[in-house]
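Have a look at model-v5.txt below; it lists compact mmCIF, C-alpha atoms and all ligand atoms.
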# COMPACT_ATOMS: atom_id res chain seq x y z
CA MET E 250 205.02 172.11 70.05
CA GLU E 251 208.07 170.15 71.13
CA LEU E 252 211.17 170.03 68.98
CA ASP E 253 212.22 166.54 67.90
CA LEU E 254 215.94 166.75 68.61
CA GLN E 255 219.03 164.57 68.61
CA PRO E 256 222.31 165.45 70.36
CA LEU E 257 224.42 167.91 68.38
CA ASN E 258 227.56 165.79 68.80
CA LEU E 259 229.96 168.54 67.88
CA PRO E 260 233.51 168.63 69.25
CA GLY E 261 234.48 171.19 71.87
CA ILE E 262 237.70 172.33 73.44
CA SER E 263 238.65 169.99 76.27
CA ASN E 264 237.81 171.16 79.79
CA LYS E 265 235.81 173.99 78.30
CA ARG E 266 232.17 174.13 77.43
CA PRO E 267 231.47 171.46 74.82
CA LEU E 268 231.24 174.00 72.05
CA VAL E 269 233.48 176.81 70.86
CA ILE E 270 232.98 178.03 67.32
CA ALA E 271 235.40 180.70 66.11
CA GLY E 272 236.45 182.41 62.92
CA PRO E 273 236.16 185.71 61.11
CA CYS E 274 232.93 187.57 60.54
CA SER E 275 233.53 187.21 56.79
CA ALA E 276 235.69 185.19 54.47
CA GLU E 277 237.79 187.83 52.68
CA SER E 278 240.55 185.94 50.90
CA GLU E 279 242.01 182.48 50.90
CA GLU E 280 245.09 183.79 52.75
CA GLN E 281 243.08 185.53 55.49
CA LEU E 282 240.92 182.44 55.98
CA LEU E 283 243.82 179.97 56.12
CA GLU E 284 245.98 182.15 58.33
CA THR E 285 243.16 182.68 60.83
CA ALA E 286 242.13 179.03 60.70
CA LYS E 287 245.65 177.72 61.37
CA GLN E 288 246.03 179.99 64.38
CA LEU E 289 242.62 178.92 65.70
CA ALA E 290 243.39 175.23 65.20
CA ALA E 291 246.62 175.78 67.14
CA ILE E 292 244.68 177.03 70.18
CA GLY E 293 242.37 174.01 70.05
CA VAL E 294 239.31 175.37 68.25
CA LYS E 295 237.58 172.60 66.34
CA ILE E 296 234.82 174.44 64.53
CA PHE E 297 235.58 177.27 62.12
CA ARG E 298 233.04 179.92 61.20
CA ALA E 299 233.13 182.43 58.35
CA GLY E 300 230.39 184.35 56.56
CA ILE E 301 230.41 183.71 52.81
CA TRP E 302 227.23 185.68 52.14
CA LYS E 303 226.84 188.74 54.38
CA PRO E 304 223.46 190.34 55.05
CA ARG E 305 224.16 194.05 55.38
CA THR E 306 221.94 196.70 56.87
CA LYS E 307 222.72 199.11 54.03
CA PRO E 308 223.64 198.51 50.38
CA GLY E 309 227.19 199.24 49.33
CA GLY E 310 228.90 197.41 52.18
CA PHE E 311 230.90 194.23 51.72
CA GLU E 312 228.31 191.60 50.94
CA GLY E 313 230.58 188.59 51.14
CA VAL E 314 232.82 186.87 48.62
CA GLY E 315 230.07 184.39 47.68
CA GLU E 316 230.53 180.95 46.19
CA PRO E 317 234.32 181.09 45.56
CA GLY E 318 234.80 181.37 49.33
CA LEU E 319 233.34 177.90 49.79
CA LYS E 320 236.47 176.41 48.18
CA TRP E 321 238.63 178.26 50.70
CA MET E 322 236.51 176.81 53.49
CA MET E 323 237.23 173.33 52.15
CA GLU E 324 240.91 174.20 52.09
CA VAL E 325 240.61 175.17 55.77
CA LYS E 326 238.95 171.87 56.50
CA GLN E 327 241.60 169.90 54.68
CA GLN E 328 244.58 171.72 56.16
CA THR E 329 243.38 172.02 59.76
CA GLY E 330 240.82 169.24 60.21
CA MET E 331 238.35 171.75 61.63
CA LEU E 332 234.64 171.51 60.87
CA THR E 333 233.31 174.47 58.89
CA ALA E 334 230.22 176.58 59.47
CA THR E 335 228.62 179.35 57.45
CA GLU E 336 225.44 181.42 57.29
CA VAL E 337 222.72 180.55 54.79
CA ALA E 338 219.89 182.91 53.93
CA THR E 339 218.37 181.42 50.77
CA PRO E 340 217.75 177.93 49.33
CA LYS E 341 220.58 178.62 46.86
CA HIS E 342 223.01 179.25 49.73
CA VAL E 343 221.91 175.96 51.30
CA GLU E 344 222.41 174.10 48.06
CA GLN E 345 225.84 175.61 47.37
CA ALA E 346 227.11 175.25 50.95
CA LEU E 347 226.06 171.60 51.14
CA ALA E 348 227.44 170.80 47.69
CA ALA E 349 230.79 172.27 48.73
CA GLY E 350 230.87 170.19 51.93
CA ILE E 351 230.20 172.79 54.66
CA ASP E 352 229.54 170.85 57.90
CA ILE E 353 227.29 173.21 59.87
CA LEU E 354 224.83 175.87 58.71
CA TRP E 355 223.54 178.81 60.65
CA ILE E 356 220.58 181.08 60.06
CA GLY E 357 221.31 184.73 60.75
CA ALA E 358 219.32 187.12 62.88
CA ARG E 359 217.85 189.08 59.98
CA THR E 360 216.73 185.95 58.14
CA ALA E 361 215.38 184.44 61.39
CA ALA E 362 212.90 187.32 61.61
CA ASN E 363 211.27 186.41 58.28
CA PRO E 364 209.04 183.29 58.28
CA PHE E 365 208.87 183.16 54.45
CA ALA E 366 212.66 183.10 54.15
CA VAL E 367 212.95 180.53 56.95
CA GLN E 368 210.33 178.30 55.32
CA ASP E 369 212.19 178.46 51.99
CA ILE E 370 215.38 177.39 53.77
CA ALA E 371 213.52 174.64 55.63
CA ASP E 372 212.17 173.31 52.32
CA ALA E 373 215.69 173.27 50.88
CA LEU E 374 216.87 171.26 53.91
CA LYS E 375 214.33 168.44 53.50
CA GLY E 376 216.04 165.07 53.48
CA VAL E 377 219.41 166.50 54.57
CA ASP E 378 221.21 165.65 57.81
CA VAL E 379 223.24 168.72 58.81
CA PRO E 380 223.41 170.58 62.12
CA VAL E 381 221.61 173.93 61.95
CA LEU E 382 222.28 176.74 64.39
CA TYR E 383 219.44 179.22 64.63
CA LYS E 384 220.15 182.79 65.73
CA ASN E 385 217.53 184.76 67.57
CA PRO E 386 215.55 187.12 65.32
CA VAL E 387 216.65 190.77 65.56
CA ASN E 388 213.47 191.64 67.47
CA PRO E 389 212.89 190.27 70.97
CA ASP E 390 210.16 187.81 70.05
CA LEU E 391 210.58 184.38 71.62
CA GLU E 392 207.61 182.93 69.72
CA LEU E 393 209.16 183.97 66.41
CA TRP E 394 212.50 182.43 67.46
CA ILE E 395 210.85 179.15 68.46
CA GLY E 396 208.51 179.21 65.44
CA GLY E 397 211.47 179.48 63.07
CA MET E 398 213.21 176.57 64.75
CA GLU E 399 209.98 174.55 64.47
CA ARG E 400 209.98 175.14 60.70
CA ILE E 401 213.57 173.85 60.38
CA ASN E 402 212.86 170.93 62.72
CA ALA E 403 209.70 170.00 60.81
CA ALA E 404 211.85 169.68 57.67
CA GLY E 405 213.64 166.81 59.41
CA ILE E 406 216.65 168.64 60.90
CA LYS E 407 217.22 167.10 64.33
CA ARG E 408 220.65 168.39 65.27
CA MET E 409 219.90 171.97 66.21
CA ALA E 410 221.05 174.68 68.59
CA ALA E 411 219.88 178.21 69.23
CA ILE E 412 222.33 181.11 69.11
CA HIS E 413 221.62 184.03 71.40
CA ARG E 414 223.16 187.15 69.82
CA GLY E 415 221.05 189.82 71.46
CA PHE E 416 218.24 192.03 70.19
CA THR E 417 218.31 195.29 68.23
CA ALA E 418 218.61 198.36 70.42
CA TYR E 419 217.55 201.76 69.15
CA GLU E 420 220.22 203.49 71.17
CA LYS E 421 223.44 201.54 71.39
CA VAL E 422 224.69 202.52 74.83
CA ILE E 423 226.71 199.54 76.03
CA TYR E 424 225.71 196.68 73.79
CA ARG E 425 225.31 196.55 70.03
CA ASN E 426 222.43 194.13 70.64
CA LEU E 427 220.68 193.95 74.00
CA PRO E 428 221.19 190.61 75.81
CA MET E 429 217.70 190.48 77.44
CA TRP E 430 218.88 187.29 79.17
CA HIS E 431 215.38 186.42 80.36
CA ILE E 432 214.48 185.48 76.76
CA PRO E 433 217.06 182.68 76.31
CA ILE E 434 216.36 181.60 79.89
CA GLU E 435 212.69 181.24 79.00
CA LEU E 436 213.72 179.39 75.83
CA ARG E 437 215.68 176.94 78.00
CA ARG E 438 212.60 176.44 80.19
CA ARG E 439 210.38 175.83 77.17
CA ILE E 440 212.76 173.53 75.25
CA PRO E 441 215.17 172.07 77.83
CA ASN E 442 217.01 169.75 75.43
CA LEU E 443 217.86 172.49 72.92
CA PRO E 444 221.50 173.61 73.30
CA ILE E 445 221.96 177.39 73.50
CA ILE E 446 225.13 179.05 72.26
CA CYS E 447 226.01 182.66 73.04
CA ASP E 448 227.44 185.05 70.44
CA PRO E 449 229.20 187.69 72.55
CA SER E 450 230.72 189.33 69.44
CA HIS E 451 227.46 190.53 67.92
CA MET E 452 225.90 191.14 71.32
CA GLY E 453 228.70 193.37 72.58
CA GLY E 454 229.81 194.87 69.29
CA ARG E 455 233.17 195.66 70.90
CA ARG E 456 236.03 193.28 71.64
CA GLU E 457 236.31 194.42 75.28
CA LEU E 458 232.86 192.99 75.93
CA ILE E 459 233.60 189.48 74.66
CA ALA E 460 235.11 188.20 77.91
CA PRO E 461 232.45 189.50 80.33
CA ILE E 462 229.54 188.42 78.11
CA SER E 463 231.08 184.97 77.60
CA GLN E 464 231.48 184.58 81.36
CA GLN E 465 227.90 185.60 81.94
CA ALA E 466 226.71 183.07 79.36
CA MET E 467 228.71 180.32 81.08
CA ASP E 468 227.31 181.36 84.48
CA LEU E 469 223.81 181.05 83.05
CA GLY E 470 224.52 177.50 81.85
CA PHE E 471 224.80 178.14 78.11
CA ASP E 472 226.22 175.24 76.12
CA GLY E 473 228.74 177.05 73.99
CA LEU E 474 230.13 180.20 72.41
CA ILE E 475 230.48 181.47 68.86
CA ILE E 476 233.15 184.17 68.74
CA GLU E 477 234.45 186.21 65.85
CA SER E 478 238.20 185.91 65.46
CA HIS E 479 240.38 187.33 62.67
CA CYS E 480 244.14 187.24 62.08
CA GLU E 481 244.11 191.06 61.67
CA PRO E 482 240.92 192.30 63.37
CA GLU E 483 241.52 196.02 62.76
CA ASN E 484 241.62 195.41 59.01
CA ALA E 485 238.55 193.16 58.86
CA TRP E 486 236.14 193.98 56.03
CA SER E 487 233.15 193.64 58.36
CA ASP E 488 232.62 193.92 62.13
CA ALA E 489 236.23 195.06 62.72
CA LYS E 490 235.54 196.47 66.19
CA GLN E 491 234.26 193.21 67.65
CA GLN E 492 236.85 190.72 66.38
CA VAL E 493 239.87 189.42 68.30
CA THR E 494 243.05 187.65 67.22
CA PRO E 495 243.19 183.89 67.90
CA ASP E 496 245.80 184.73 70.53
CA VAL E 497 243.44 187.01 72.43
CA LEU E 498 240.66 184.46 72.00
CA SER E 499 242.85 181.83 73.63
CA PHE E 500 243.45 184.18 76.56
CA ILE E 501 239.70 184.86 76.90
CA LEU E 502 238.85 181.14 76.82
CA ASP E 503 241.55 180.29 79.37
CA LYS E 504 240.22 182.90 81.78
CA LEU E 505 236.63 181.62 81.58
CA VAL E 506 235.36 180.06 84.78
CA ILE E 507 233.16 177.10 83.96
CA ARG E 508 231.01 176.37 86.95
CA ASP E 509 229.58 172.99 87.63
CA THR E 510 225.95 172.80 86.63
CA GLY E 511 225.83 169.11 87.51
CA GLU E 512 224.57 167.56 90.72
CA THR E 513 222.53 169.40 93.31
CA THR E 514 224.23 169.23 96.68
CA GLU E 515 222.55 168.95 100.07
CA SER E 516 223.31 172.55 100.99
CA LEU E 517 221.89 173.84 97.70
CA ARG E 518 218.74 171.80 98.33
CA ALA E 519 218.44 173.36 101.79
CA LEU E 520 218.82 176.87 100.39
CA ARG E 521 216.19 176.18 97.73
CA LYS E 522 213.85 174.94 100.42
CA GLN E 523 214.26 178.27 102.19
CA ILE E 524 213.45 180.09 98.95
CA ASP E 525 210.32 177.96 98.47
CA GLU E 526 209.16 178.77 102.00
CA LEU E 527 209.82 182.47 101.53
CA ASP E 528 207.93 182.45 98.23
CA ASP E 529 204.98 180.82 100.01
CA LYS E 530 205.05 183.69 102.50
CA VAL E 531 205.26 186.30 99.76
CA ILE E 532 202.14 184.82 98.13
CA GLU E 533 200.30 184.68 101.46
CA ILE E 534 201.14 188.31 102.23
CA LEU E 535 200.15 189.44 98.74
CA SER E 536 196.83 187.70 99.10
CA LYS E 537 196.23 189.38 102.47
CA ARG E 538 197.11 192.72 100.90
CA MET E 539 194.54 192.11 98.14
CA ARG E 540 191.91 191.28 100.75
CA VAL E 541 192.52 194.60 102.52
CA SER E 542 192.46 196.34 99.20
CA ARG E 543 189.00 194.88 98.46
CA GLU E 544 187.83 196.21 101.87
CA ILE E 545 189.04 199.60 100.78
CA ALA E 546 187.05 199.24 97.56
CA ARG E 547 183.88 198.64 99.58
CA TYR E 548 184.60 201.74 101.62
CA LYS E 549 185.28 203.80 98.47
CA LYS E 550 182.03 202.56 96.97
CA GLU E 551 179.98 203.50 100.05
CA HIS E 552 181.54 206.96 100.04
CA SER E 553 181.36 207.40 96.26
CA MET E 554 185.12 207.83 95.91
CA THR E 555 187.24 207.08 92.79
CA ILE E 556 189.30 203.92 92.88
CA VAL E 557 192.70 205.36 91.99
CA GLN E 558 193.80 208.27 94.07
CA PRO E 559 196.98 209.57 92.46
CA ASN E 560 198.51 211.07 95.63
CA ARG E 561 198.23 207.82 97.49
CA TYR E 562 199.71 205.90 94.54
CA ASP E 563 202.69 208.27 94.25
CA GLU E 564 203.26 208.00 97.97
CA ILE E 565 203.31 204.19 97.87
CA ILE E 566 205.72 203.99 94.94
CA SER E 567 208.20 206.55 96.26
CA LYS E 568 208.12 205.33 99.87
CA ARG E 569 208.53 201.69 98.92
CA SER E 570 211.38 202.49 96.51
CA ALA E 571 213.24 204.32 99.27
CA GLN E 572 212.62 201.49 101.75
CA GLY E 573 213.77 198.90 99.22
CA ILE E 574 216.99 200.79 98.53
CA LEU E 575 217.71 200.81 102.27
CA CYS E 576 217.27 197.03 102.21
CA GLY E 577 219.79 196.56 99.38
CA MET E 578 217.44 196.35 96.42
CA SER E 579 217.34 198.65 93.40
CA GLY E 580 214.80 201.46 93.26
CA ASP E 581 213.78 200.34 89.77
CA PHE E 582 213.09 196.82 91.02
CA MET E 583 210.90 198.13 93.87
CA LYS E 584 209.04 200.37 91.43
CA THR E 585 208.36 197.42 89.11
CA VAL E 586 207.14 195.25 92.00
CA PHE E 587 204.85 197.86 93.51
CA GLU E 588 203.48 198.99 90.19
CA ALA E 589 202.52 195.38 89.49
CA ILE E 590 200.96 194.96 92.92
CA HIS E 591 199.06 198.20 92.53
CA GLU E 592 197.80 197.16 89.10
CA GLU E 593 196.41 193.88 90.44
CA SER E 594 194.93 195.71 93.40
CA VAL E 595 193.12 198.18 91.13
CA ARG E 596 191.88 195.32 88.97
CA GLN E 597 190.39 193.60 92.01
CA GLN E 598 188.81 196.83 93.25
CA VAL E 599 187.21 197.56 89.86
CA GLU E 600 185.88 194.03 89.71
CA LEU E 601 184.38 194.31 93.19
CA ILE E 602 182.81 197.71 92.67
CA ASN E 603 181.11 196.55 89.49
CA LYS E 604 179.90 193.31 91.01
CA GLU E 605 178.69 193.95 94.52
C1 LIG E 701 227.43 186.99 61.73
O1 LIG E 701 227.42 186.00 62.47
O2 LIG E 701 228.43 187.43 61.15
C2 LIG E 701 226.17 187.76 61.58
C3 LIG E 701 225.87 188.43 60.47
O3 LIG E 701 225.43 187.71 62.68
P1 LIG E 701 223.90 188.13 63.01
O4 LIG E 701 223.05 187.38 62.06
O5 LIG E 701 223.78 187.68 64.42
O6 LIG E 701 223.82 189.62 62.88
MN MN E 702 229.76 189.60 62.09

Could the structure of this file be written out as structure tokens, please?
Amino acid sequence: MELDLQPLNLPGISNKRPLVIAGPCSAESEEQLLETAKQLAAIGVKIFRAGIWKPRTKPGGFEGVGEPGLKWMMEVKQQTGMLTATEVATPKHVEQALAAGIDILWIGARTAANPFAVQDIADALKGVDVPVLYKNPVNPDLELWIGGMERINAAGIKRMAAIHRGFTAYEKVIYRNLPMWHIPIELRRRIPNLPIICDPSHMGGRRELIAPISQQAMDLGFDGLIIESHCEPENAWSDAKQQVTPDVLSFILDKLVIRDTGETTESLRALRKQIDELDDKVIEILSKRMRVSREIARYKKEHSMTIVQPNRYDEIISKRSAQGILCGMSGDFMKTVFEAIHEESVRQQVELINKE
């Protein structure tokens, strides 16, 4: 199913990607919100985020200030002229946020993983024209991500964007949430007119990772960034480790290199042509390899041999990995490629042995 979309039409920072949304993880007090907002407005941010209702992994944590915080958001809007955005997880949140005058809603990663909750929110959005940003579900399931956006879109919401915030990792080695960039890239291929915004704060989980992840998102052609920024990050009531001051945010945004995704030049076309020709050759060689492999199957059949001979398989994988490394590729990549080739080869041999 296609999404029926209209342009988001949200203001960005000039000469930067069209979209930068910034603000604290949570609204804590009117002072914290206004202080942060004024500093962000001063560096050119035009969309202010703050969580009013916070979904927490465990009970007992700070679950957000709730409805009173909506008034502070309106104060931010009035004093700075910024648009305001907050997370909604229930129809009641939707109703209260819209009644207060919040400009943009987002659906969080935990809610995005639950079709019942998403449908309830979609029902509450019927007949409303408000931009909705849809975070990826915590689990790496592109169909679930798209399905959720379809529910919101079917309710009549046409100004939408996806937010890529990474996927839950059991062991948090580098990232708090694994980027798995191939998933948003596939999303872009499936729904080309859907803007994708990266959330380097929740992906990295540490402030040092905000700059490199943001750069990577820009290099991959993402349309914007949503970054957590707090006037006193160390004292934040939630996600303290991943927030930066507006000052640091300004530095990060200034350092970002925005590459031109626009027109395709002659030299790029020529390089792509080379890639196409090489891919043709790869396919031709693979098909030749499969033909030889079927010959081998005939031989194995005549001599009553088993199809998979573990020694030979181990030899192929380790030799090819070593060769690949010598040619500047990673051993893991070579292993993945040759395991896949071997799998297809075995499939063809089994098919032949059972048929002929
Ligand atoms: C947030 O944006 O503060 C948040 C709770 O994010 P996520 O839903 O991505 O965990
Ligand atoms: Mn947060």

Quick one: residues within 9 Å of ligand LIG 701 (chain E), with only C-alpha atoms and all ligand atoms, as a PDB file with C-alpha atoms, keeping the file's coordinate frame?
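Result written to result28.pdb:
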ATOM      1  CA  PRO E 273     236.160 185.710  61.110  1.00  0.00           C
ATOM      2  CA  CYS E 274     232.930 187.570  60.540  1.00  0.00           C
ATOM      3  CA  SER E 275     233.530 187.210  56.790  1.00  0.00           C
ATOM      4  CA  ARG E 298     233.040 179.920  61.200  1.00  0.00           C
ATOM      5  CA  ALA E 299     233.130 182.430  58.350  1.00  0.00           C
ATOM      6  CA  GLY E 300     230.390 184.350  56.560  1.00  0.00           C
ATOM      7  CA  TRP E 302     227.230 185.680  52.140  1.00  0.00           C
ATOM      8  CA  LYS E 303     226.840 188.740  54.380  1.00  0.00           C
ATOM      9  CA  PRO E 304     223.460 190.340  55.050  1.00  0.00           C
ATOM     10  CA  ARG E 305     224.160 194.050  55.380  1.00  0.00           C
ATOM     11  CA  THR E 335     228.620 179.350  57.450  1.00  0.00           C
ATOM     12  CA  GLU E 336     225.440 181.420  57.290  1.00  0.00           C
ATOM     13  CA  TRP E 355     223.540 178.810  60.650  1.00  0.00           C
ATOM     14  CA  ILE E 356     220.580 181.080  60.060  1.00  0.00           C
ATOM     15  CA  GLY E 357     221.310 184.730  60.750  1.00  0.00           C
ATOM     16  CA  ALA E 358     219.320 187.120  62.880  1.00  0.00           C
ATOM     17  CA  ARG E 359     217.850 189.080  59.980  1.00  0.00           C
ATOM     18  CA  THR E 360     216.730 185.950  58.140  1.00  0.00           C
ATOM     19  CA  ALA E 361     215.380 184.440  61.390  1.00  0.00           C
ATOM     20  CA  LYS E 384     220.150 182.790  65.730  1.00  0.00           C
ATOM     21  CA  ASN E 385     217.530 184.760  67.570  1.00  0.00           C
ATOM     22  CA  PRO E 386     215.550 187.120  65.320  1.00  0.00           C
ATOM     23  CA  VAL E 387     216.650 190.770  65.560  1.00  0.00           C
ATOM     24  CA  ILE E 412     222.330 181.110  69.110  1.00  0.00           C
ATOM     25  CA  HIS E 413     221.620 184.030  71.400  1.00  0.00           C
ATOM     26  CA  ARG E 414     223.160 187.150  69.820  1.00  0.00           C
ATOM     27  CA  GLY E 415     221.050 189.820  71.460  1.00  0.00           C
ATOM     28  CA  ASP E 448     227.440 185.050  70.440  1.00  0.00           C
ATOM     29  CA  SER E 450     230.720 189.330  69.440  1.00  0.00           C
ATOM     30  CA  HIS E 451     227.460 190.530  67.920  1.00  0.00           C
ATOM     31  CA  MET E 452     225.900 191.140  71.320  1.00  0.00           C
ATOM     32  CA  ILE E 475     230.480 181.470  68.860  1.00  0.00           C
ATOM     33  CA  ILE E 476     233.150 184.170  68.740  1.00  0.00           C
ATOM     34  CA  GLU E 477     234.450 186.210  65.850  1.00  0.00           C
ATOM     35  CA  SER E 487     233.150 193.640  58.360  1.00  0.00           C
ATOM     36  CA  ASP E 488     232.620 193.920  62.130  1.00  0.00           C
TER      37      ASP E 488
END

Item to check | Expected answer as a ChimeraX atom specification: all residues with atoms within 7 Å of (223.6, 172.2, 73.2), only C-alpha atoms | outcome: /E:257,410,443-445,472

Could those residues be written to a file, using C-alpha atoms, as a JSON list (two decimals), in the coordinates of the input?
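File written: out16.json
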[["chain", "number", "residue", "atom", "x", "y", "z"],
["E", 257, "LEU", "CA", 224.42, 167.91, 68.38],
["E", 410, "ALA", "CA", 221.05, 174.68, 68.59],
["E", 443, "LEU", "CA", 217.86, 172.49, 72.92],
["E", 444, "PRO", "CA", 221.50, 173.61, 73.30],
["E", 445, "ILE", "CA", 221.96, 177.39, 73.50],
["E", 472, "ASP", "CA", 226.22, 175.24, 76.12]]

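Minimum atom-to-atom distances from E:Glu435, E:Lys504, E:Ile370, E:Lys490 to ligand MN 702 (chain E) were compared using all atoms listed in the file, and the lowest value belongs to E:Lys490.
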
Checklist entry - From the list E:Asp563, E:Asp378, E:Glu251, E:Glu312, which residue is nearest ligand MN 702 (chain E) when using only C-alpha atoms and all ligand atoms? => result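 Result for the nearest residue to ligand MN 702 (chain E): E:Glu312.
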
Next on the checklist: I'd like the neighbourhood of Gln464 of chain E as a list in words, where a residue qualifies if any of its atoms comes within 7 Å (using all atoms listed in the file), though same-chain residues fewer than 4 positions away should be ignored.
Outcome noted: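 Here the answer would be Ala460, Asp468, Leu505 and Val506 of chain E.
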
Next on the checklist: For a cutoff of 12 Å around the file-coordinate point (209.2, 180.9, 55.4), which residues qualify once you count only C-alpha atoms? I'd like the result as a PyMOL selection string.
Outcome noted: chain E and resi 338-340+360-373+393+396-401+404

Next on the checklist: Report, in Å to a single decimal, how far apart atom CA of Ile395 of chain E and atom CA of Leu347 of chain E are.
Outcome noted: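 These atoms are spaced 24.3 Å apart.
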
May I have the residues within 10 Å of Gly318 of chain E as a PDB file with C-alpha atoms, in the coordinates of the input, using all atoms listed in the file and disregarding those fewer than 4 positions away in the same chain?
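Dumped to out_31.pdb:
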ATOM      1  CA  SER E 275     233.530 187.210  56.790  1.00  0.00           C
ATOM      2  CA  ALA E 276     235.690 185.190  54.470  1.00  0.00           C
ATOM      3  CA  GLU E 277     237.790 187.830  52.680  1.00  0.00           C
ATOM      4  CA  SER E 278     240.550 185.940  50.900  1.00  0.00           C
ATOM      5  CA  GLU E 279     242.010 182.480  50.900  1.00  0.00           C
ATOM      6  CA  LEU E 282     240.920 182.440  55.980  1.00  0.00           C
ATOM      7  CA  ALA E 299     233.130 182.430  58.350  1.00  0.00           C
ATOM      8  CA  GLY E 300     230.390 184.350  56.560  1.00  0.00           C
ATOM      9  CA  ILE E 301     230.410 183.710  52.810  1.00  0.00           C
ATOM     10  CA  TRP E 302     227.230 185.680  52.140  1.00  0.00           C
ATOM     11  CA  GLY E 313     230.580 188.590  51.140  1.00  0.00           C
ATOM     12  CA  VAL E 314     232.820 186.870  48.620  1.00  0.00           C
ATOM     13  CA  MET E 322     236.510 176.810  53.490  1.00  0.00           C
ATOM     14  CA  MET E 323     237.230 173.330  52.150  1.00  0.00           C
ATOM     15  CA  GLU E 324     240.910 174.200  52.090  1.00  0.00           C
ATOM     16  CA  ALA E 346     227.110 175.250  50.950  1.00  0.00           C
ATOM     17  CA  ALA E 349     230.790 172.270  48.730  1.00  0.00           C
TER      18      ALA E 349
END

Item to check | Polymer residues at most 12 Å from Lys550 of chain E, all atoms listed in the file, same-chain spacing of 3 or more positions, as a PyMOL selection string | outcome: chain E and resi 543-547+553-556+598-605

Next on the checklist: I'd like the interatomic distance between atom CA of Pro482 of chain E and atom CA of Thr494 of chain E, to a tenth of an Å.
Outcome noted: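 Computing the Euclidean distance for atom CA of Pro482 of chain E and atom CA of Thr494 of chain E yields 6.4 Å.
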
Segment 265-284 of chain E: axis-aligned bounding box, 4 Å on each side, centre and edge lengths in Å, one decimal, as AutoDock Vina command-line options:
--center_x 238.6 --center_y 179.6 --center_z 64.6 --size_x 22.7 --size_y 24.4 --size_z 35.4

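As for atom CA of Pro495 of chain E and atom CA of Ile292 of chain E, they are spaced 7.4 Å apart.
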
Next on the checklist: Given only C-alpha atoms and all ligand atoms as the basis, pick out the residue of E:Gln281, E:Thr306, E:Gln328, E:Ser499 nearest to ligand MN 702 (chain E).
Outcome noted: E:Thr306

Next on the checklist: From the options E:Gly272, E:Gly376, E:Pro308, E:Pro433, which residue's atoms come nearest to ligand MN 702 (chain E), counting only C-alpha atoms and all ligand atoms?
Outcome noted: E:Gly272

Next on the checklist: Measuring between all atoms listed in the file, which one of E:Ala271, E:Ile440, E:Ile446, E:Ile501 shows the shortest distance to ligand MN 702 (chain E)?
Outcome noted: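 Among the listed residues, E:Ala271 lies closest to ligand MN 702 (chain E).
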
Checklist entry - Nearest to ligand MN 702 (chain E) among E:Ala411, E:Val294, E:Ala485, E:Ile406, with distances taken over all atoms listed in the file: which residue is it? => result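 Of E:Ala411, E:Val294, E:Ala485, E:Ile406, the one nearest ligand MN 702 (chain E) is E:Ala485, counting all atoms listed in the file.
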